[in-house]
Amino acid sequence: MRLLPIVAALTGLPAALCLQEQAPLNRGHGKLDGAADKHAPPYRKALLDLHRNLVSIPSVSGAEFDVGQWLVDYLISRGFRADVQFVAPREGTPEGAQRFNPHRRGFVVGEEVAGDGMITFSDAALARGEPAPWHSVIFGEPTESKLVCGHKGALFCEIKVAGQAAHSGYPWLGKSANEMLVRAVARILETDLGSSEQYGNTTFNLGLMEGGVAANVVAASATAKFGARVAIGPEKDGHLIVKKRIQAILDEVDKDAFEITCNPGYGTVDCNCDVEGFETLTVNYGTDVANLKGNFTRYLYGPGSILVAHGENEALTVGDLELAVENYEKLILHALNKKS
């Protein structure tokens with residue numbers, strides 16, 4: 001069998017695309033124990049050592065240099081080639097620090113906050129004007145050790161509302177930005193922004209909301225940040241359909257008061273899940289899958305559950321990790337056999 005290139009983009013345990021600066025979690029789970037077990041696979045100690053080292057290095061988005069450097073040294077010490085691809089600094093990057101993708105094995109930074117690592121990697125590949133050197137890509141996410149058939153798209157935006165200040169005793173002399181924002185959000189929540197049989201309904205989460213200066217002053221301005229999980233395609237512009245529907249509601253409330261700006265988004269993302277021996281599912285969170293452009297087969301798989309990601313009880317069992325090793329091997333062999 002001829003070994004053909006496969007990129008395994010194993011990027012930890014990310015959750016839905018978010019726009020806020022991250023902070024490290026407290027670590028109170030106790031250590032993983034690789035105690036003697038006659039049924040343990042021979043790679044258990046090496047696997048747990050790798051896991052311990054990676055999770056013990058703070059690596060919030062923007063400050064990934066230390067974990068990236070450790071990973072490069074680790075790969076080189078084991079005879080792998082580890083190319084470094086620099087990524088632009090962002091909010092959270094320490095002054096003078098660098099960000100980079102250790103990308104020969106498909107590791108990328110920034111998945112949590114806009115996918116800038118994968119976008120940089122993808123853009124560089126497209127700029128060379130050559131076909132992608134991989135025919136299959138395995139993206140790592142917490143999928144409950146099931147193979148994902150697809151996931152919802154994403155639309156993350158900020159809304160700014162311009163009103164006019166006045167004394168609260170004479171509200172008709174002003175124009176409350178807070179009231180306009182509340183009316184608009186209420187209508188958005190009552191509207192079908194897009195639905196499909198496979199992915200259900202598009203959901204709208206008002207994550208941040210602020211406005212005004214005091215209880216006795218009509219609010220002159222207000223802002224809100226939201227995340228929509230898009231349940232319609234196509235992948236290229238399904239999110240734009242949702243944005244258009246939200247914009248129409250804002251215009252109905254007040255055509256001149258609202259300004260909406262959004263990060264790059266995407267519609268529903270389909271993945272290959274026709275592999276024998278795997279349970280399958282669809283998920284509601286975003287991933288880097290849509291950020292890697294090209295004509296190739298996409299697999300989405302990983303240990304752990306998104307339901308505990310980013311929380312105090314975020315954890316993996318030793319069994320989860322070991323099952324993932326076996327299943328990644330199955331996926332790689334499947335991809336190689338499919339190509340040959």
# chains A, B, ... in the order shown; residues from 1 in each chain; ligands from 1

call {"tool": "select_by_dssp", "arguments": {"residues": "region 80-219 of chain A", "states": "helix (DSSP H, G or I)", "output": "MDAnalysis selection string"}}
result
chainID A and resid 103:105 111:113 116:127 171:173 177:190

call {"tool": "write_last_selection", "arguments": {"atoms": "N, CA, C and O atoms", "output": "compact mmCIF listing (two decimals), in the first residue's frame"}}
result
# COMPACT_ATOMS: atom_id res chain seq x y z
N HIS A 103 2.91 23.25 11.58
CA HIS A 103 1.86 22.76 10.68
C HIS A 103 2.20 21.54 9.86
O HIS A 103 1.35 21.05 9.12
N ARG A 104 3.39 20.98 9.96
CA ARG A 104 3.67 19.79 9.15
C ARG A 104 2.72 18.65 9.50
O ARG A 104 2.30 17.88 8.65
N ARG A 105 2.32 18.53 10.77
CA ARG A 105 1.38 17.50 11.18
C ARG A 105 -0.05 18.04 11.28
O ARG A 105 -0.94 17.37 11.77
N GLU A 111 -8.19 28.24 16.86
CA GLU A 111 -9.49 27.70 16.46
C GLU A 111 -10.64 28.28 17.26
O GLU A 111 -11.74 28.45 16.75
N GLU A 112 -10.35 28.62 18.52
CA GLU A 112 -11.42 29.07 19.40
C GLU A 112 -11.97 30.45 19.06
O GLU A 112 -13.09 30.78 19.42
N VAL A 113 -11.20 31.29 18.41
CA VAL A 113 -11.59 32.70 18.34
C VAL A 113 -11.60 33.29 16.93
O VAL A 113 -11.44 34.48 16.78
N ASP A 116 -8.00 31.75 12.87
CA ASP A 116 -6.97 32.42 12.08
C ASP A 116 -5.78 31.53 11.78
O ASP A 116 -5.10 31.72 10.76
N GLY A 117 -5.50 30.55 12.64
CA GLY A 117 -4.41 29.63 12.34
C GLY A 117 -4.70 28.77 11.13
O GLY A 117 -3.87 28.66 10.22
N MET A 118 -5.88 28.17 11.08
CA MET A 118 -6.25 27.34 9.93
C MET A 118 -6.43 28.18 8.68
O MET A 118 -6.06 27.75 7.57
N ILE A 119 -6.98 29.38 8.82
CA ILE A 119 -7.14 30.26 7.65
C ILE A 119 -5.78 30.61 7.07
O ILE A 119 -5.58 30.61 5.84
N THR A 120 -4.80 30.91 7.93
CA THR A 120 -3.44 31.20 7.47
C THR A 120 -2.85 30.00 6.75
O THR A 120 -2.25 30.13 5.67
N PHE A 121 -3.01 28.83 7.34
CA PHE A 121 -2.52 27.60 6.73
C PHE A 121 -3.16 27.36 5.36
O PHE A 121 -2.49 27.05 4.37
N SER A 122 -4.48 27.53 5.29
CA SER A 122 -5.22 27.29 4.06
C SER A 122 -4.85 28.30 2.98
O SER A 122 -4.62 27.94 1.81
N ASP A 123 -4.78 29.58 3.35
CA ASP A 123 -4.46 30.63 2.38
C ASP A 123 -3.06 30.41 1.78
O ASP A 123 -2.85 30.65 0.60
N ALA A 124 -2.11 29.98 2.62
CA ALA A 124 -0.76 29.75 2.13
C ALA A 124 -0.74 28.60 1.13
O ALA A 124 -0.03 28.66 0.11
N ALA A 125 -1.52 27.56 1.39
CA ALA A 125 -1.59 26.43 0.46
C ALA A 125 -2.21 26.85 -0.86
O ALA A 125 -1.73 26.49 -1.94
N LEU A 126 -3.29 27.66 -0.80
CA LEU A 126 -3.94 28.13 -2.03
C LEU A 126 -3.04 29.07 -2.81
O LEU A 126 -3.05 29.08 -4.06
N ALA A 127 -2.24 29.88 -2.10
CA ALA A 127 -1.37 30.85 -2.77
C ALA A 127 -0.30 30.17 -3.61
O ALA A 127 0.22 30.77 -4.57
N PRO A 171 -38.98 60.97 28.66
CA PRO A 171 -38.39 60.03 27.70
C PRO A 171 -38.74 60.34 26.25
O PRO A 171 -38.00 59.95 25.34
N TRP A 172 -39.88 61.02 26.02
CA TRP A 172 -40.26 61.33 24.64
C TRP A 172 -39.33 62.34 23.99
O TRP A 172 -39.35 62.52 22.77
N LEU A 173 -38.48 62.98 24.78
CA LEU A 173 -37.50 63.92 24.22
C LEU A 173 -36.24 63.20 23.74
O LEU A 173 -35.39 63.81 23.10
N ALA A 177 -31.76 53.70 23.07
CA ALA A 177 -31.06 52.63 22.37
C ALA A 177 -31.35 51.28 23.01
O ALA A 177 -31.48 50.26 22.32
N ASN A 178 -31.46 51.26 24.34
CA ASN A 178 -31.76 50.00 25.03
C ASN A 178 -33.11 49.44 24.62
O ASN A 178 -33.25 48.24 24.37
N GLU A 179 -34.12 50.29 24.55
CA GLU A 179 -35.45 49.81 24.18
C GLU A 179 -35.47 49.28 22.75
O GLU A 179 -36.10 48.25 22.47
N MET A 180 -34.80 49.96 21.85
CA MET A 180 -34.75 49.49 20.47
C MET A 180 -34.06 48.13 20.38
O MET A 180 -34.50 47.24 19.64
N LEU A 181 -32.99 47.96 21.15
CA LEU A 181 -32.27 46.70 21.14
C LEU A 181 -33.13 45.58 21.70
O LEU A 181 -33.19 44.48 21.12
N VAL A 182 -33.83 45.84 22.78
CA VAL A 182 -34.70 44.83 23.39
C VAL A 182 -35.80 44.42 22.42
O VAL A 182 -36.11 43.23 22.26
N ARG A 183 -36.41 45.39 21.75
CA ARG A 183 -37.48 45.06 20.79
C ARG A 183 -36.94 44.23 19.64
O ARG A 183 -37.59 43.27 19.20
N ALA A 184 -35.77 44.58 19.17
CA ALA A 184 -35.19 43.85 18.04
C ALA A 184 -34.86 42.41 18.43
O ALA A 184 -35.18 41.46 17.69
N VAL A 185 -34.22 42.23 19.58
CA VAL A 185 -33.85 40.89 20.02
C VAL A 185 -35.09 40.04 20.25
O VAL A 185 -35.12 38.84 19.90
N ALA A 186 -36.14 40.62 20.81
CA ALA A 186 -37.38 39.86 21.03
C ALA A 186 -37.94 39.34 19.71
O ALA A 186 -38.39 38.19 19.62
N ARG A 187 -37.91 40.16 18.67
CA ARG A 187 -38.40 39.73 17.36
C ARG A 187 -37.50 38.64 16.76
O ARG A 187 -37.99 37.69 16.14
N ILE A 188 -36.20 38.81 16.91
CA ILE A 188 -35.26 37.81 16.38
C ILE A 188 -35.52 36.46 17.01
O ILE A 188 -35.55 35.42 16.33
N LEU A 189 -35.72 36.44 18.32
CA LEU A 189 -35.95 35.18 19.04
C LEU A 189 -37.25 34.51 18.63
O LEU A 189 -37.39 33.28 18.75
N GLU A 190 -38.20 35.28 18.14
CA GLU A 190 -39.49 34.71 17.72
C GLU A 190 -39.51 34.32 16.24
O GLU A 190 -40.49 33.75 15.77

call {"tool": "atom_distance", "arguments": {"atom1": "CA of Ile306 (chain A)", "atom2": "CA of Val87 (chain A)"}}
result
26.6 Å

call {"tool": "select_by_dssp", "arguments": {"residues": "region 165-320 of chain A", "states": "strand (DSSP E or B)", "output": "MDAnalysis selection string"}}
result
chainID A and resid 166:167 175 195:196 200:201 203:211 217:218 221:230 258:262 266 269:270 280:283 297:301 305

call {"tool": "residues_around", "arguments": {"residues": "Glu64 (chain A)", "least_positions_apart": "6", "cutoff": "12 Å", "atoms": "only C-alpha atoms", "output": "list in words"}}
result
Gln22, Leu54, Val55, Ile57, Pro58, Trp70, Leu71, Phe86, Val87, Ala88, Pro89, Arg90, Gly92, Thr93, Pro94, Ala97, Gln98, Arg99, Phe100, Asn101, Pro102, Phe107, Val108, Val109, Gly110, Glu111, Glu112 and Gly117 of chain A

call {"tool": "write_last_selection", "arguments": {"atoms": "C-alpha atoms", "output": "short mmCIF file (atom, residue, chain, number, x, y, z; two decimals), in the first residue's frame"}}
result
data_model
loop_
_atom_site.label_atom_id
_atom_site.label_comp_id
_atom_site.auth_asym_id
_atom_site.auth_seq_id
_atom_site.Cartn_x
_atom_site.Cartn_y
_atom_site.Cartn_z
CA GLN A 22 -10.13 33.20 27.00
CA LEU A 54 0.20 19.51 26.53
CA VAL A 55 -2.53 20.36 29.04
CA ILE A 57 1.12 24.47 29.37
CA PRO A 58 -1.22 27.52 29.30
CA TRP A 70 7.11 22.37 23.15
CA LEU A 71 5.24 20.52 20.41
CA PHE A 86 3.89 32.34 11.60
CA VAL A 87 0.40 33.68 12.35
CA ALA A 88 -0.43 37.34 13.01
CA PRO A 89 -0.72 38.42 16.68
CA ARG A 90 -4.20 39.03 18.04
CA GLY A 92 -4.32 38.17 24.05
CA THR A 93 -0.89 37.86 22.44
CA PRO A 94 1.80 39.07 24.90
CA ALA A 97 5.56 37.24 21.52
CA GLN A 98 5.11 35.21 18.35
CA ARG A 99 2.32 32.93 17.19
CA PHE A 100 2.85 30.08 14.78
CA ASN A 101 1.37 26.86 13.41
CA PRO A 102 3.58 23.77 13.88
CA PHE A 107 -1.52 21.50 14.29
CA VAL A 108 -2.92 25.04 14.13
CA VAL A 109 -3.58 27.88 16.58
CA GLY A 110 -6.62 30.11 17.08
CA GLU A 111 -9.49 27.70 16.46
CA GLU A 112 -11.42 29.07 19.40
CA GLY A 117 -4.41 29.63 12.34
#
